[in-house]
Amino acid sequence: MTFTDLFRFAAGSLRGHRLRTALSLLGMAIGVAAVVALTALGEGARRYVIDQFASIGTNLLIVVPGKSETTGIPGMATATPNDITLEDAEAVGRQIREVDKVAPIVVGTEDVSYGARRRQVAVVGSTREFMAVRKVSVARGEFLPAAEMQRGRSVVVLGKQVAQELFRGEEPVGRIVRIGSWRMRVIGVMAPRGVQLGMNVDDVVLVPVGTAMKMFDRRSLFRIFVQVRGAADLERAKRRVIRLFVERHDGEEDVTVLTQDAVVSTFSQILGALTLAVGAIAAISLTVAGIGIMNVMLVAVSERTREIGLLRAVGVGRRQVLAVFLTEAALLSAAGGLFGLAVGWTAVEILVQIFPALPASPPPWAVGAALALSFGVGLLFGWLPARRAARLDPVLALASR
Amino acid sequence: MIRLEKICRTYQLGGQPVHALVDIDEHVAPGEHIAIMGPSGSGKSTLLYTLGCLDRPDSGSYWLDGREVARLSDEELTQIRRHLIGFVFQSFHLVPRLTAAENVELPMIFAGLPRGERRERVAGALAAVSLADRSDHRPDQLSGGERQRVALARATVMQPRLLLADEPTGNLDTASGRQILDLLDHMNDTGVTLVVVTHDPNVAQRADRVIVLVDGQIVRRLPGRDVVGTANLFAPPEPG
């Protein structure tokens with residue numbers, strides 16, 4: 001008997017019991033759809049987080065003052081033996097071949113006022129490079145001047161929200177605002193960027209780094225963002241940056257250089273594990289669906305006892321009877337699996353339409369696993385009924401009912 | 001073709017042993033037409049299923065075509081049923097979801113015959129029982145006589161040399177029954193050995209020989225032509 005014949009015969013008997021077939025198929029479909037949809041959600045969450053990191057710039061090194069002996073959250077380092085200076089930042093850009101752009105950062109908080117309106121915001125001092133490194137852009141006017149780092153010109157670029165709150169529809173570019181005791185000319189307004197890793201980029205003002213250092217009376221930078229030319233250069237660039245700082249800081253390694261990869265991969269691992277766990281829970285429903293299939297197949301065997309007896313009488317072997325019922329179970333579960341895949345995928349697509357920010361899509365491994373599992377569960381739970389069918393005594397089977 | 005020696009078959013029914021077959025000895029030559037008669041529960045169906053290798057005797061020997069059945073594996077018995085034996089049942093045993101043609105095709109599918117040959121043989125078998133125009137009908141669209149003719153086509157499509165019929169006319173009216181018996185006779189005329197189980201003397205009289213079973217024992221053997229004239233068929237013959 002060829003496989004095609006077996007397949008056609010099994011499919012024919014499934015078609016003979018449409019409602020029963022449909023119901024057990026539905027059980028399997030729900031199980032697979034649950035696996036697909038839930039893992040898609042988990043995967044969506046993981047990709048969302050990774051995208052968030054990617055949006056603050058790729059191939060990025062972050063130089064933080066202080067050497068933390070235990071790896072941990074930047075800025076928590078206990079000792080800051082030497083400052084990171086603007087000269088250090090310039091040296092990184094000048095002396096390391098792999099470095100594309102360098103953005104020194106100084107951060108403080110200050111009152112910003114225009115007329116009677118006043119607002120306390122984060123003041124970020126940086127350079128024109130900030131735009132490329134942090135992937136932000138200007139909506140109106142221009143960004144910080146491209147002049148050398150030390151010149152402290154009194155210009156400011158407003159975040160979208162700050163501009164709205166202070167100017168209420170007036171044109172901010174060209175106006176003078178007060179930042180603390182400083183009078184600063186507005187030269188640009190940022191395009192909206194939203195919350196980036198917990199920091200609302202729209203609610204800051206940007207000033208030249210030299211200005212910020214004078215404003216907050218600082219000699220040290222908060223950190224330096226270093227954009228490396230290519231991902232392949234990242235590790236080499238990191239080593240060179242550290243060596244450069246060791247040279248410049250009298251042989252002392254007193255900075256920490258973070259790559260995004262380390263942070264991203266940690267998050268990715270956590271969320272990946274979460275996805276796996278959710279998928280596994282959904283897979284339990286596949287087992288339940290398998291029991292449903294077993295139930296249906298047991299009913300089919302007892303209903304078709306006479307048919308089985310007849311098959312044996314016309315020269316159908318036990319193994320062939322087993323094969324027929326196993327094929328039916330496998331067909332049921334595989335069809336249910338494919339149907340569930342379609343349903344799950346559609347559900348995910350609809351979800352993505354509603355929440356476009358969430359890049360939810362079922363991971364290939366989950367799709368493969370769900371289909372394989374549904375097929376396997378069908379075979380596993382089809383085994384018992386099929387064996388029962390194969391072991392029927394043909395004489396009793398023919399005489400049944 | 002068939003040799004039975006001291007065949008015994010006992011099974012349990014409600015805790016009571018039932019002696020379905022007791023020391024059956026019989027010979028059937030190739031091409032013979034045998035009828036097995038007997039009252040209900042006399043063991044005639046058990047005998048037929050034993051001949052058909054569906055039931056195994058508890059003791060005794062059964063030689064079919066020179067091979068002792070007890071020594072054969074389940075797989076070998078399957079092969080024998082597939083190629084050597086055809087079954088016809090009182091209740092037809094057609095698969096309800098399959099058309100007449102598909103029912104006839106069934107044994108050939110599992111025997112692994114190529115599709116082209118199957119189609120040819122189905123057409124031939126259905127034509128032989130005058131049902132060529134009914135091949136796409138499902139059993140519930142056929143009359144009783146037509147159903148039994150489909151079953152007969154299925155039983156003969158593998159060209160068996162032994163045809164076993166269990167009350168083949170039991171569910172049919174007289175005219176349909178006669179048609180089936182004519183077809184069976186025709187098969188027998190082509191050399192197929194035919195064993196028919198019946199309680200109807202009109203069916204049995206067509207046989208060359210008739211065996212009468214009572215309580216699992218052969219109580220009488222007589223030529224088919226004598227069946228109708230014999231009174232008290234199921235009683236043992238008077239001595240002398």
# chains A, B, ... in the order shown; residues from 1 in each chain; ligands from 1
>>> interface_residues(of="chain B", to="chain A", cutoff="8 Å", atoms="only C-alpha atoms", output="PyMOL selection string")
chain B and resi 49+52+54-55+74-75+78-83+85-87+93-95+97+107+109-113+155
>>> residues_around(residues="Ala34 (chain A)", least_positions_apart="3", cutoff="10 Å", atoms="only C-alpha atoms", output="ChimeraX atom specification")
/A:28-31,37-40,278-279,281-286,340-341,343-345,347,370
>>> write_last_selection(atoms="C-alpha atoms", output="compact mmCIF listing (two decimals), in the first residue's frame")
# COMPACT_ATOMS: atom_id res chain seq x y z
CA MET A 28 -5.30 21.42 18.39
CA ALA A 29 -5.67 24.71 16.55
CA ILE A 30 -6.25 26.63 19.78
CA GLY A 31 -3.17 25.07 21.32
CA ALA A 37 0.62 34.20 19.65
CA LEU A 38 2.21 34.12 23.09
CA THR A 39 5.73 33.53 21.86
CA ALA A 40 5.17 36.25 19.29
CA VAL A 278 5.24 31.43 28.17
CA GLY A 279 5.56 29.18 25.13
CA ILE A 281 2.83 27.02 29.28
CA ALA A 282 0.94 27.38 26.02
CA ALA A 283 2.34 24.02 24.94
CA ILE A 284 0.43 22.42 27.80
CA SER A 285 -2.73 23.21 25.88
CA LEU A 286 -1.27 21.16 23.03
CA GLY A 340 -3.81 27.14 14.55
CA LEU A 341 -0.73 28.61 12.96
CA VAL A 343 -5.14 31.78 13.44
CA GLY A 344 -2.22 32.66 15.71
CA TRP A 345 -0.42 34.49 12.96
CA ALA A 347 -4.04 37.39 15.69
CA ALA A 370 4.43 24.13 17.76
>>> select_by_dssp(residues="region 119-162 of chain B", states="alpha helix (DSSP H)", output="ChimeraX atom specification")
/B:119-128,144-156
>>> select_by_dssp(residues="region 213-297 of chain A", states="strand (DSSP E)", output="list in words")
Arg223, Ile224, Phe225, Val226, Gln227, Val228, Val255, Thr256, Val257, Leu258 and Thr259 of chain A
>>> write_last_selection(atoms="N, CA and C atoms", output="PDB file, in the first residue's frame")
ATOM      1  N   ARG A 223      30.039  61.836  30.933  1.00  0.00           N
ATOM      2  CA  ARG A 223      30.514  60.670  30.194  1.00  0.00           C
ATOM      3  C   ARG A 223      30.816  61.072  28.763  1.00  0.00           C
ATOM      4  N   ILE A 224      31.396  60.152  28.040  1.00  0.00           N
ATOM      5  CA  ILE A 224      31.665  60.417  26.628  1.00  0.00           C
ATOM      6  C   ILE A 224      31.009  59.314  25.807  1.00  0.00           C
ATOM      7  N   PHE A 225      30.220  59.720  24.820  1.00  0.00           N
ATOM      8  CA  PHE A 225      29.697  58.750  23.856  1.00  0.00           C
ATOM      9  C   PHE A 225      30.662  58.672  22.691  1.00  0.00           C
ATOM     10  N   VAL A 226      31.086  57.461  22.374  1.00  0.00           N
ATOM     11  CA  VAL A 226      32.026  57.268  21.271  1.00  0.00           C
ATOM     12  C   VAL A 226      31.364  56.362  20.243  1.00  0.00           C
ATOM     13  N   GLN A 227      31.199  56.912  19.050  1.00  0.00           N
ATOM     14  CA  GLN A 227      30.635  56.056  18.005  1.00  0.00           C
ATOM     15  C   GLN A 227      31.768  55.488  17.160  1.00  0.00           C
ATOM     16  N   VAL A 228      31.767  54.144  17.076  1.00  0.00           N
ATOM     17  CA  VAL A 228      32.832  53.454  16.347  1.00  0.00           C
ATOM     18  C   VAL A 228      32.373  53.227  14.913  1.00  0.00           C
ATOM     19  N   VAL A 255      38.834  54.695  34.086  1.00  0.00           N
ATOM     20  CA  VAL A 255      37.546  54.859  33.402  1.00  0.00           C
ATOM     21  C   VAL A 255      36.961  53.479  33.131  1.00  0.00           C
ATOM     22  N   THR A 256      35.658  53.483  32.960  1.00  0.00           N
ATOM     23  CA  THR A 256      34.978  52.249  32.562  1.00  0.00           C
ATOM     24  C   THR A 256      34.403  52.487  31.169  1.00  0.00           C
ATOM     25  N   VAL A 257      34.683  51.543  30.276  1.00  0.00           N
ATOM     26  CA  VAL A 257      34.133  51.671  28.927  1.00  0.00           C
ATOM     27  C   VAL A 257      33.070  50.591  28.749  1.00  0.00           C
ATOM     28  N   LEU A 258      31.835  51.051  28.551  1.00  0.00           N
ATOM     29  CA  LEU A 258      30.724  50.113  28.383  1.00  0.00           C
ATOM     30  C   LEU A 258      30.399  49.980  26.911  1.00  0.00           C
ATOM     31  N   THR A 259      30.077  48.773  26.504  1.00  0.00           N
ATOM     32  CA  THR A 259      29.476  48.622  25.181  1.00  0.00           C
ATOM     33  C   THR A 259      28.003  48.334  25.403  1.00  0.00           C
TER      34      THR A 259
END
>>> residues_around(residues="Ser137 (chain A)", least_positions_apart="6", cutoff="7 Å", atoms="only C-alpha atoms", output="PyMOL selection string")
chain A and resi 131+190-191
>>> residues_around(residues="Pro96 (chain B)", least_positions_apart="6", cutoff="8 Å", atoms="only C-alpha atoms", output="ChimeraX atom specification")
/B:138-140
>>> atom_distance(atom1="CA of Leu351 (chain A)", atom2="CA of Ser374 (chain A)")
24.2 Å
>>> residues_around(residues="Met1 (chain B)", least_positions_apart="2", cutoff="12 Å", atoms="only C-alpha atoms", output="short mmCIF file (atom, residue, chain, number, x, y, z; two decimals) with N, CA and C atoms, in the first residue's frame")
data_model
loop_
_atom_site.label_atom_id
_atom_site.label_comp_id
_atom_site.auth_asym_id
_atom_site.auth_seq_id
_atom_site.Cartn_x
_atom_site.Cartn_y
_atom_site.Cartn_z
N ARG B 3 -8.63 -29.37 4.19
CA ARG B 3 -8.73 -30.60 4.97
C ARG B 3 -8.81 -30.22 6.44
N LEU B 4 -9.86 -30.69 7.10
CA LEU B 4 -10.04 -30.42 8.53
C LEU B 4 -9.90 -31.72 9.28
N GLU B 26 -13.32 -32.91 7.80
CA GLU B 26 -13.97 -32.63 6.51
C GLU B 26 -12.90 -32.45 5.45
N HIS B 27 -13.30 -32.69 4.23
CA HIS B 27 -12.48 -32.56 3.04
C HIS B 27 -13.24 -31.72 2.05
N VAL B 28 -12.62 -30.75 1.46
CA VAL B 28 -13.28 -30.03 0.37
C VAL B 28 -12.32 -30.03 -0.80
N ALA B 29 -12.78 -30.54 -1.94
CA ALA B 29 -11.93 -30.58 -3.13
C ALA B 29 -11.99 -29.24 -3.85
N PRO B 30 -10.97 -28.90 -4.61
CA PRO B 30 -11.01 -27.64 -5.37
C PRO B 30 -12.21 -27.62 -6.30
N GLY B 31 -12.88 -26.48 -6.35
CA GLY B 31 -14.01 -26.32 -7.26
C GLY B 31 -15.32 -26.86 -6.72
N GLU B 32 -15.30 -27.44 -5.52
CA GLU B 32 -16.54 -27.95 -4.96
C GLU B 32 -17.45 -26.81 -4.49
N HIS B 33 -18.72 -27.12 -4.38
CA HIS B 33 -19.69 -26.18 -3.82
C HIS B 33 -20.32 -26.86 -2.60
N LEU B 51 -12.54 -21.53 8.46
CA LEU B 51 -12.10 -21.78 7.08
C LEU B 51 -11.47 -20.52 6.49
N TYR B 62 -5.90 -27.77 10.41
CA TYR B 62 -6.60 -27.25 9.24
C TYR B 62 -5.54 -27.04 8.16
N TRP B 63 -5.65 -27.82 7.09
CA TRP B 63 -4.75 -27.63 5.95
C TRP B 63 -5.50 -26.88 4.87
N LEU B 64 -4.92 -25.81 4.44
CA LEU B 64 -5.51 -25.03 3.36
C LEU B 64 -4.47 -24.95 2.25
N ASP B 65 -4.83 -25.50 1.11
CA ASP B 65 -3.92 -25.44 -0.02
C ASP B 65 -2.57 -26.07 0.33
N GLY B 66 -2.61 -27.13 1.15
CA GLY B 66 -1.39 -27.85 1.49
C GLY B 66 -0.60 -27.26 2.64
N ARG B 67 -1.07 -26.15 3.24
CA ARG B 67 -0.34 -25.55 4.36
C ARG B 67 -1.16 -25.65 5.63
N GLU B 68 -0.49 -25.97 6.74
CA GLU B 68 -1.24 -26.05 7.98
C GLU B 68 -1.37 -24.65 8.58
N LEU B 84 -6.26 -15.47 -1.38
CA LEU B 84 -6.84 -16.79 -1.61
C LEU B 84 -8.33 -16.83 -1.32
N ILE B 85 -8.80 -15.93 -0.44
CA ILE B 85 -10.14 -16.06 0.12
C ILE B 85 -10.96 -14.81 -0.16
N ARG B 161 -9.51 -18.11 -4.78
CA ARG B 161 -9.87 -19.46 -5.21
C ARG B 161 -10.87 -20.09 -4.24
N LEU B 162 -11.09 -19.40 -3.12
CA LEU B 162 -12.05 -19.91 -2.14
C LEU B 162 -12.99 -18.76 -1.78
N LEU B 163 -14.29 -18.99 -2.00
CA LEU B 163 -15.27 -17.95 -1.71
C LEU B 163 -16.14 -18.45 -0.56
N GLY B 191 -14.55 -22.35 -11.42
CA GLY B 191 -13.51 -23.08 -10.72
C GLY B 191 -13.26 -22.65 -9.30
N VAL B 192 -13.97 -21.61 -8.83
CA VAL B 192 -13.79 -21.13 -7.46
C VAL B 192 -14.48 -22.10 -6.49
N THR B 193 -13.77 -22.49 -5.45
CA THR B 193 -14.37 -23.31 -4.42
C THR B 193 -15.32 -22.44 -3.61
N LEU B 194 -16.55 -22.95 -3.38
CA LEU B 194 -17.57 -22.12 -2.75
C LEU B 194 -18.11 -22.81 -1.51
N VAL B 195 -18.08 -22.10 -0.38
CA VAL B 195 -18.68 -22.62 0.84
C VAL B 195 -19.73 -21.62 1.30
#
